[in-house]
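What follows is a short report on a single structure.
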Amino acid sequence: MSEFNIKKLTPLDWLTYKAVRLASLEDSPDSFGATHECEVEILQSEWESRLDPTGRAKNALPLVVEIGAIPVGVAWGLIQELDPRIAHIYQLWVSPEARNKGIAKALIKRISAWSIERGCEYIALSVTTANNAAVHLYQSLGFVPFGPLEELKLGSTLMTQKMIKDLRNAA
Ligand SMILES: CC(C)(COP(=O)(O)OP(=O)(O)OC[C@H]1O[C@@H](n2cnc3c(N)ncnc32)[C@H](O)[C@@H]1OP(=O)(O)O)[C@@H](O)C(=O)NCCC(=O)NCCS
C-alpha cells in the first residue's frame with residue numbers, strides 16, 4: 001500500500017521525529033547543514049522541546065509523512081519573528097523507497113497553505129546546487145533563485161542556493 005498520510009508532529013511524537021530526522025541525515029548528508037554525527041547525540045528533552053507548540057515550535061509546522069504506520073518523510077514550515085512575511089521550509093526529506101509519489105510536493109503544498117493562512121507573502125528554502133532532483137522540484141513549483149550562494153557547512157565544497165516563491169498570487 002503506498003497511500004500516504006501527512007501528520008503534524010507534537011512532543012509526544014519525539015521518537016518518530018528522531019527516527020525520521022536521523023534517517024534523513026544518514027541517507028542525504030549533502031542535503032543538510034546539520035550532521036547525523038551531531039544530531040544522534042541529542043537528548044529526549046531536546047527532541048521534545050523542538051516540537052513544543054507553546055515554545056520553540058510556536059511558529060512552526062513540523063510534519064511527518066507515514067505510509068501505514070511507517071514514517072517515510074519529514075518537513076518543517078517555520079516563520080521567524082525577524083521577518084514574518086517569509087515562511088521557510090526546512091529538513092525536507094522523503095525516504096528513497098517512497099520517492100516520486102508526490103510526497104514532497106504534498107508537503108510543500110501543505111506548508112504553503114499554512115504560510116498563506118499565517119499571512120506570509122513569500123516561502124523560501126535553501127538547496128544544495130548539485131541536488132538536481134530537489135532543484136528541479138522547486139523550480140517546477142515556482143521557486144526562483146534568490147541571493148548569493150553559500151557554503152553548505154563550514155569548509156564544504158558544496159554550495160547552497162536560497163530559492164523563494166511569491167505566495168501573494170498563489171491559488
Ligand atoms: C528531493 C526530494 C525531497 C523529492 O521528494 P519526492 O517525494 O520524491 O518528490 P515528488 O515525488 O513530490 O516530486 C518529484 C519531482 O522531483 C523532481 N525529481 C525527482 N527526481 C529527479 C531527478 N532525478 N532529476 C530531476 N528531477 C527530479 C521532479 O521535479 C519530480 O517531479 P515530476 O515527476 O513532476 O517531474 C527527495 O528526492 C529527497 O528526499 N531527497 C533527499 C533529501 C533532499 O534532497 N531534500 C531536499 C533538501 S533542500
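We label chains A, B, ... in the order they appear in the C-alpha cells, count residues from 1 in each chain, and number ligands from 1 in the order shown.
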
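Non-sequential neighbours of segment 41-49 of chain A (distance at most 12 Å, separation of 5 or more positions within a chain, only C-alpha atoms) are A:Leu9, A:Thr10, A:Pro11, A:Leu12, A:Asp13, A:Trp14, A:Leu15, A:Thr16, A:Tyr17, A:Lys18, A:Ala19, A:Val20, A:Arg21, A:Leu22, A:Thr35, A:His36, A:Thr54, A:Gly55, A:Arg56, A:Ala57, A:Lys58, A:Pro62.
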
Please write the residues from the selection above to a file, keeping C-alpha atoms, as a PDB file, in the first residue's frame.
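Written out: selection.pdb:
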ATOM      1  CA  LEU A   9       4.197  16.305  14.962  1.00  0.00           C
ATOM      2  CA  THR A  10       3.738  17.044  18.673  1.00  0.00           C
ATOM      3  CA  PRO A  11       6.202  16.483  21.548  1.00  0.00           C
ATOM      4  CA  LEU A  12       4.583  13.053  22.062  1.00  0.00           C
ATOM      5  CA  ASP A  13       5.924  12.104  18.611  1.00  0.00           C
ATOM      6  CA  TRP A  14       9.546  12.837  19.502  1.00  0.00           C
ATOM      7  CA  LEU A  15      10.703   9.263  18.843  1.00  0.00           C
ATOM      8  CA  THR A  16       9.122   9.277  15.381  1.00  0.00           C
ATOM      9  CA  TYR A  17      10.688  12.647  14.642  1.00  0.00           C
ATOM     10  CA  LYS A  18      14.072  11.494  15.916  1.00  0.00           C
ATOM     11  CA  ALA A  19      13.921   8.341  13.754  1.00  0.00           C
ATOM     12  CA  VAL A  20      12.978  10.132  10.559  1.00  0.00           C
ATOM     13  CA  ARG A  21      15.355  13.052  11.118  1.00  0.00           C
ATOM     14  CA  LEU A  22      18.316  10.765  11.803  1.00  0.00           C
ATOM     15  CA  THR A  35      25.075  16.198  10.567  1.00  0.00           C
ATOM     16  CA  HIS A  36      23.990  12.748  11.758  1.00  0.00           C
ATOM     17  CA  THR A  54       3.832  26.586  23.038  1.00  0.00           C
ATOM     18  CA  GLY A  55       7.597  27.114  22.845  1.00  0.00           C
ATOM     19  CA  ARG A  56      10.104  26.540  20.095  1.00  0.00           C
ATOM     20  CA  ALA A  57       7.540  25.240  17.596  1.00  0.00           C
ATOM     21  CA  LYS A  58       5.109  28.106  18.258  1.00  0.00           C
ATOM     22  CA  PRO A  62       6.571  20.141  11.867  1.00  0.00           C
TER      23      PRO A  62
END

For this session: From a DSSP pass on the backbone, collect the residues of chain A flagged as alpha helix (DSSP H) and hand them back as a PyMOL selection string.
Result: chain A and resi 14-27+36-39+44-50+103-117+132-140

Problem set entry | 7 Å shell around ligand 1 using only C-alpha atoms and all ligand atoms, listed as a list in words | Ser24, Ser28, Ser31, Phe32, Gln91, Leu92, Trp93, Val94, Ser95, Ala98, Arg99, Asn100, Lys101, Gly102, Ile103, Ala104, Lys105, Ala106, Leu125, Ser126, Val127, Thr128, Asn131, Asn132, Ala133, Ala134, His136, Leu137 and Ser140 of chain A

For this session: Please identify which residues in segment 44-159 of chain A DSSP calls strand (DSSP E or B) from the backbone, and express them as a PyMOL selection string.
Result: chain A and resi 60-67+70-79+86-94+122-128+144-145+150-151+159

Problem set entry | Exercise: Ala60 of chain A partners within 12 Å, only C-alpha atoms, chain neighbours under 5 positions left out, as JSON, numbers by chain | {"A": [8, 9, 10, 50, 51, 52, 53, 54, 55, 75, 76, 77, 78, 79, 80, 81, 84, 87, 88, 89, 90, 111, 114, 115, 118]}

Exercise. Can you tell me, as a list in words, what residues are no more than 9 Å from Lys7 of chain A when counting only C-alpha atoms, ignoring any on the same chain fewer than 6 positions away?
Worked result: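 Skipping anything fewer than 6 positions along the chain leaves Pro62, Leu63, Val64, Val65 and Glu66 of chain A.
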
Exercise. Any idea what the distance is between atom CA of Ile6 of chain A and atom CA of Glu26 of chain A?
Worked result: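 Between these atoms lies a distance of 22.0 Å.
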
Exercise. Of the residues A:Gly147, A:Ile164, A:Ala170, A:Asn5, which is the one nearest to Pro71 of chain A, using only C-alpha atoms?
Worked result: A:Asn5
